[in-house]
Each structure stands twice: as C-alpha cells, then as structure tokens.
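**Student:** Pasting in a structure now, in structure tokens, and then I'll have a few things to ask.
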Amino acid sequence: MSETIDEVATAGPRPTAKRLTRGQLVLRRFLRNKGAVFGLVIIAVLVLVAIFGEYILPWRYDVKDRNAYYAPPDGIHWFGTTQSGGDVLALTVRGLGKSLIIGFAVAIIQTSLAAIIGSSAAYLGGWYEKAWLWVIDLMLVLPSFFLIAIMTTGGPKGPNAWMLLVVLLAAFGWQLSARVVRSLSLSVKEREYVAAARFMGLSTPRLLLRHIVPNIASMLIVDVCLGVGYAILGEAGLSYFGFGVQAPDTSLGTMIAEGAQSTTIAPWIFLTPASLLVLLVMCVNAVGDGLRDALDPGSMSGGRA
Amino acid sequence: MARLYVVHHTTTDPEGAPVGKYLLRRLLNYVVLLFIAVSLAWLLAQTQLEPRMLYKQRNPPLSPQSIDALLRRANVSETQPLIQRYLTWLVGDAEHPQFGVLTQFNWGTSPQGGFVNEEIARRIWVSFRLVTLGWILGTVIGVGLGAWTATRQYRVSDRVVTAFALLLVATPSYVTGEVAKMLATSANQRLGYQFFLFLGEKSTGTLPDYPLAELIDRAQHLLLPTVVLTLLGMAGLSRLQRGLMLDALGSDFVRTARAKGLRENKAVMKHALRTALIPTGTYFAFQAAALFTGATFTERIFSFHGMGMYGVDTISKQDVNGVVAVTAFGGLCYLVGAILADIMVAVLDPRVRLS
C-alpha cells in the first residue's frame with residue numbers, strides 16, 4: 001500500500017502542498033470518518049468505566065441489597081437489581097470488563113497465529129504449506145461452538161477458567177485470516193528485497209517478521225479490530241448457554257442469559273447488558289471499518305477516501 | 001458471525017481438467033476430511049466428557065460394577081482402552097449391536113439408553129422447518145437491499161438501510177430473539193388475543209374449530225423465529241452485497257457497457273449484479289453450515305427442539321455419542337455448503353464456465 005502512495009507522490013510533478021507521511025495520511029482519513037471516531041471515543045469511555053467503575057459506582061458487583069429484589073431502576077439502583085438483589089449496573093460493568101479482556105486477548109492471539117502461520121506457509125511452501133492448508137480445512141469443517149463447549153465442560157473450573165476460553169476461541173478463530181494472510185504473502189514473497197534479504201543470510205523467522213509481515217500490516221490491524229467483535233460475541237454466546245464464563249464470575253453473555261429468564265417481570269436485567277453488548281460490538285466494527293478505509297483507500301466499498 | 005470474508009477458491013484446476021472431474025476430486029477430498037474431523041471430535045468428546053459423573057449423583061447410589069456396566073453399554077467406559085472403544089464405535093461388535101458408524105450407519109446410544117439415530121432423524125426436520133424460510137427470505141432480501149443501496153450510494157435510503165444493517169450485524173441472535181419476544185408479548189396484551197405464539201412448534205391444547213386450524217397455528221409459531229432469522233441473514237448479506245456491487249459498478253466493463261449505449265437498468269442488472277453475485281454465491285452456500293448449528297440460539301429462545309439444542313443438551317448431559325453425531329452433522333452441512341459453493345462459482349463465473 002505504501003508503495004503505491006509513494007509512487008503517486010514521486011511520479012508526477014512535486015505537489016506544492018506539504019508532504020504528509022503515511023501515518024499522517026492514514027490518521028487524516030480515519031478522522032474524516034465520523035462513525036469510526038465516535039466508535040473509538042465510546043470504546044475508550046467503556047474501557048475507562050470497566051477499569052475504574054468499581055471505585056466510582058455506588059454499589060459493588062458482589063454486594064447483595066437485601067431490601068431490593070427485582071427492584072426497578074430508581075435513584076438507589078440506577079439500573080435496577082437482580083433476583084438476588086445484586087446491582088445490575090455494577091454487575092454489567094464487571095461483565096463488560098471481562099468481555100473486553102477476552103475480546104482483545106482473543107483478537108490479538110488469533111491474528112498473531114494467522115500472521116505467523118499464513119506468512120510462513122506462503123514463504124516456505126512445499127509440504128509445510130500443504131500441511132497447514134489441510135489443518136485449516138480440517139478445523140473449518142468442525143463446528144467450533146460445540147467443540148469449545150465440550151472442552152470447557154470437561155476442562156478445569158475456577159476463577160481462572162476464562163483463560164481456557166480465550167485459548168479455545170483463539171484456536172478456532174485464526175483459520176480464515178490465515179488464508180488471507182497466505183494469499184497476500186504469496187505476492188510479497190516475490191519482491192526483490194525479500195530475495196536480497198534471503199541471499200544476505202537472514203534467518204527465516206527474522207525475514208518473515210521484518211520483511212513480509214510488515215507489508216500486510218494493514219490487513220492485520222483490521223483483522224484484530226474485527227476479531228474483537230467476533231470474540232466478544234463468541235464468548236457471550238457460549239456464556240449464554242453456560243459454557244463460557246462461570247458464576248460467581250460474570251460476563252455480558254452470562255448477564256444476558258440471566259436476564260433473559262425474567263424479561264416479563266424485570267426487563268432491565270436483560271436490557272442493560274444486552275444494549276451495552278450491542279453498543280460495544282457496533283463501535284468495534286465501526287472502528288474496524290474506518291481503519292480499513294483509512295489503510296486501503298482503493299476500496300470503493302468504504303466510500304470516498 | 002461478524003466477519004465477512006469472501007473465501008476464495010481455486011476454481012480451475014492447474015491442469016485445466018474439466019469441471020466435473022474437478023468437482024469429483026474435491027468431493028473425495030471432502031469425504032476424507034469429514035471422516036478425520038469426526039474422528040477427532042469423537043476423541044475429544046471421549047476424553048473430555050465425564051459420563052461417570054451422571055451415575056455418581058444417583059440416589060440411591062449405584063454400585064461401581066453396575067455403573068461400569070451401564071457405561072460399557074454406551075461404549076463410554078474409560079476402563080476399556082480408547083482404541084477398542086474407537087473400533088466399537090466405527091464397526092460395532094457382538095456386545096454393542098447398536099453401534100457401527102461405518103458398517104450400519106448407527107451412531108450408538110446415549111448413557112440413558114436412547115438411540116442417537118432416532119433422536120436425530122426427528123430433530124433434523126424440526127431444524128429444517130425452523131430455518132428454511134428464514135434462510136431464503138434473509139438471502140433474497142439481503143442481496144436485493146445490498147444491490148439496491150449500492151446504486152443509491154450516500155442517499156437517504158442508503159444511509160438508513162446501512163445504519164439499520166450495522167445495528168443488526170452487531171446484535172447477536174439471542175438479543176434479537178428476546179427483544180422480538182418482548183415486543184410480541186406487549187403486542188399480544190394490547191390486542192387482548194394471543195396472536196404471536198412463541199413456545200415450540202405448535203400449541204399443545206385443543207385447537208379452535210375452523211378449517212386449516214393446525215396449519216395456521218404452526219404458521220403463528222413460525223412467524224417470530226422466521227422474522228429473527230431473516231433479519232440476521234439479511235443484515236450481514238446486505239453489507240457484503242453492497243460492497244461487492246459498488247466495486248462492480250465502478251469497474252471498467254460496466255462503464256464500457258454504458259458507453260456502448262446500454263440502458264442503465266440493463267447495465268446494472270446484467271453486467272454489474274451478475275459479477276457481484278459470484279462471491280455471494282459462495283457465502284450463501286457456506287451459510288448452510290452455520291444454518292443448523294447457528295440456529296441453536298433461535299431454537300432455545302423459541303423452544304424448538306432441533307439439532308442445535310440437541311448439541312447443547314448432549315454436552316450438558318455428558319452424552320458422548322450424541323454430541324459426536326451432532327458434530328458430524330455440522331461438518332456434513334459445512335461440506336455440502338462447500339460443494340454447493342464450488343458448483344455456484346462454476347455456474348456463475350464465466351471464466352470457469354467457459355474453460
């Protein structure tokens with residue numbers, strides 16, 4: 001991508017305007033997209049709330065108010081209480097924190113896996129590439145939702161069980177991205193500077209990380225962003241059926257599952273975490289779309305760059 | 001769910017073999033892939049699930065010998081070596097006449113003794129009745145909306161549809177479903193009559209006495225799940241189709257078609273839409289996989305006892321043979337989708353058709 005921009009800038013007569021670096025260009029294009037900027041601001045606010053909410057909010061997530069069971073939203077409990085008298089806002093903020101950690105951790109792990117596997121398969125070729133393509137096909141055939149559910153059911157329980165969930169969601173999330181990384185790396189591999197680096201005796205891992213992966217960075221950044229939304233929804237879906245984050249710990253999915261049982265008498269228990277989940281995923285997707293348009297102005301689907 | 005990658009297939013053989021032979025070879029490859037995938041799922045379920053737990057909680061307590069006998073009957077006793085259990089599962093033996101996936105396509109029994117095959121044969125049709133209408137409606141409306149909004153980029157209609165689609169893409173099916181249920185409940189209260197029905201496939205009591213009562217009752221039960229599934233399918237597809245259509249509309253061959261004096265409508269429909277439909281065909285086919293297992297949430301919310309809920313129930317009940325069968329079914333759906341995608345591309349893409 002950077003290559004085309006440089007070519008355009010140097011081929012014609014020198015523009016009189018100040019020359020922008022690639023980073024400045026991308027930032028400018030991103031800031032022009034109001035939805036993406038709005039999404040980024042909301043995510044930042046949500047992250048801050050998740051970190052510092054405990055100290056600001058009037059109630060703690062593990063305190064039960066014995067005077068208020070199924071209390072509707074009022075001045076004392078801003079978003080009402082649950083069946084056992086827990087404060088819905090405090091629980092939702094706690095769940096939001098867990099969902100955010102899981103979302104970002106899964107996205108970063110799975111994109112890293114995709115980058116390493118995809119680029120090395122393209123670069124090394126031969127049986128190594130064939131083997132990985134076969135593994136990708138195999139893992140795509142299996143319905144990941146049920147396999148993850150089997151493993152979390154039989155896996156360890158306890159306060160750190162959510163880490164297993166992160167590993168499993170990442171393990172079943174990298175395949176499609178790895179395919180895209182591979183096909184992009186195949187063209188990068190043919191460039192002269194890659195050959196030059198190889199003849200200079202650079203080791204394969206170094207060559208991949210220094211010369212191939214940076215050239216597909218824009219795709220990887222977008223992939224992390226969209227992966228966050230995928231992971232948050234995946235975790236919430238598993239937790240909704242009781243296969244994800246387990247009580248006493250809570251996540252947005254766990255909260256939604258609990259609230260769904262009492263939508264007729266206490267809709268606030270369901271509506272609060274559900275709207276927060278939708279808001280969060282919408283913002284993450286908006287930022288992902290905005291980044292893609294900013295990094296890849298050639299795509300018409302993003303609109304005017 | 002939220003990720004819309006277009007899976008690129010290498011549709012022409014390097015040697016340029018005809019499409020039929022090429023499809024046949026892919027089919028064979030898929031069958032081998034499915035067999036290994038299901039075997040892996042079996043291994044996972046056997047080692048991770050603990051059916052022994054079910055019997056330990058029994059009251060009055062069972063003796064260890066009788067527990068083991070029960071586990072052996074379902075071929076899930078960890079006292080037997082894994083390889084022996086695998087062979088029993090594959091081909092059956094004298095002790096397990098109800099086993100043998102390869103020899104008699106029999107998927108075994110649950111720890112409680114029910115036959116997996118019977119359960120699945122019933123549930124496949126429940127799933128089928130639940131998802132078919134929503135799938136078709138979602139696809140047709142989604143493609144239509146996407147293509148239409150692409151021709152009206154940045155107008156009010158495009159912005160409204162886009163905002164609505166972005167909201168729906170970010171909303172998981174259980175939230176959409178629950179909200180639909182809440183709205184339906186309040187609508188029923190206002191009407192003073194149970195118009196929206198959402199518990200199961202049909203009413204359990206006696207039906208009112210008018211012609212086609214049973215059919216109308218079923219349609220009423222199907223209405224809300226179909227709306228939810230349509231919205232879900234429509235949202236993602238309209239985004240995908242809009243992007244593809246925009247790319248096609250901006251391409252040289254559509255401009256050439258217009259420059260030659262083709263009417264706007266014809267240029268859009270015949271040249272742009274046709275090209276833009278190729279990746280959608282792939283996506284549509286692959287949705288077949290997500291169709292049955294992805295409807296698990298919808299099944300749960302509207303109390304349909306289909307394949308998805310069978311998967312969830314079998315995992316909760318430590319039913320190894322049941323969950324392996326569900327996994328195999330999911331894999332089969334995926335492969336049918338993959339083959340459909342290959343055929344779709346062959347039909348729609350002129351480069352493949354003519355080679």
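Residue numbers start at 1 in each chain; chains themselves are named A, B, ... in the order of the structure tokens; ligands are numbered from 1 in the order shown.
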Tell me the residues of chain B close to chain A, meaning within 8 Å using only C-alpha atoms, as a PyMOL selection string.

**Tutor:** chain B and resi 1-3+5+7+33-34+36-38+41+44-45+48-50+166-167+169-172+175+178+182+242-244+246-247+250+293+311-312+315-316+327-328+330-332+334-335

**Student:** May I have all residues of region 77-188 of chain A that DSSP, computed from the backbone, assigns to helix (DSSP H, G or I), given as a VMD selection string?

**Tutor:** chain A and resid 88 to 124 126 to 141 144 to 154 161 to 171 175 to 188

**Student:** Report as a short mmCIF file (atom, residue, chain, number, x, y, z; two decimals) with N, CA and C atoms, in the first residue's frame all protein, DNA and RNA residues lying within 12 Å of Arg60 (chain A), evaluated on only C-alpha atoms, omitting residues in the same chain fewer than 6 positions from it.

**Tutor:**
data_model
loop_
_atom_site.label_atom_id
_atom_site.label_comp_id
_atom_site.auth_asym_id
_atom_site.auth_seq_id
_atom_site.Cartn_x
_atom_site.Cartn_y
_atom_site.Cartn_z
N PHE A 52 -12.17 1.68 36.07
CA PHE A 52 -12.34 2.49 37.27
C PHE A 52 -13.76 2.46 37.84
N GLY A 53 -14.69 1.75 37.13
CA GLY A 53 -16.08 1.74 37.55
C GLY A 53 -16.27 1.33 39.00
N GLU A 54 -15.49 0.33 39.41
CA GLU A 54 -15.57 -0.18 40.77
C GLU A 54 -15.47 0.93 41.82
N HIS A 77 -30.67 2.23 42.92
CA HIS A 77 -30.07 1.34 41.93
C HIS A 77 -30.43 1.89 40.56
N THR A 81 -32.18 -3.99 40.15
CA THR A 81 -31.45 -5.08 40.79
C THR A 81 -31.89 -6.41 40.21
N GLY A 85 -30.85 -9.48 44.42
CA GLY A 85 -30.56 -8.17 44.99
C GLY A 85 -29.22 -7.59 44.57
N GLY A 86 -28.58 -8.14 43.54
CA GLY A 86 -27.33 -7.57 43.04
C GLY A 86 -27.63 -6.33 42.19
N ASP A 87 -26.74 -5.37 42.22
CA ASP A 87 -26.93 -4.14 41.45
C ASP A 87 -26.61 -4.40 39.97
N VAL A 88 -27.60 -4.18 39.08
CA VAL A 88 -27.42 -4.53 37.67
C VAL A 88 -26.28 -3.73 37.04
N LEU A 89 -26.17 -2.44 37.38
CA LEU A 89 -25.12 -1.62 36.78
C LEU A 89 -23.74 -2.13 37.17
N ALA A 90 -23.56 -2.41 38.47
CA ALA A 90 -22.25 -2.88 38.93
C ALA A 90 -21.89 -4.21 38.28
N LEU A 91 -22.89 -5.12 38.19
CA LEU A 91 -22.64 -6.42 37.57
C LEU A 91 -22.31 -6.27 36.09
N THR A 92 -23.05 -5.38 35.41
CA THR A 92 -22.82 -5.18 33.98
C THR A 92 -21.43 -4.62 33.73
N VAL A 93 -21.01 -3.67 34.56
CA VAL A 93 -19.67 -3.08 34.39
C VAL A 93 -18.60 -4.15 34.62
N ARG A 94 -18.83 -4.99 35.62
CA ARG A 94 -17.90 -6.09 35.88
C ARG A 94 -17.85 -7.04 34.66
#

**Student:** So how far away is CA of Arg73 (chain B) from CA of Tyr86 (chain B), in Å?

**Tutor:** 14.0 Å

**Student:** For a test of reading the model, state the distance in Å between CA of Ala170 (chain A) and CA of Thr111 (chain A), rounded to one decimal.

**Tutor:**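 CA of Thr111 (chain A) lies at a distance of 8.5 Å from CA of Ala170 (chain A).
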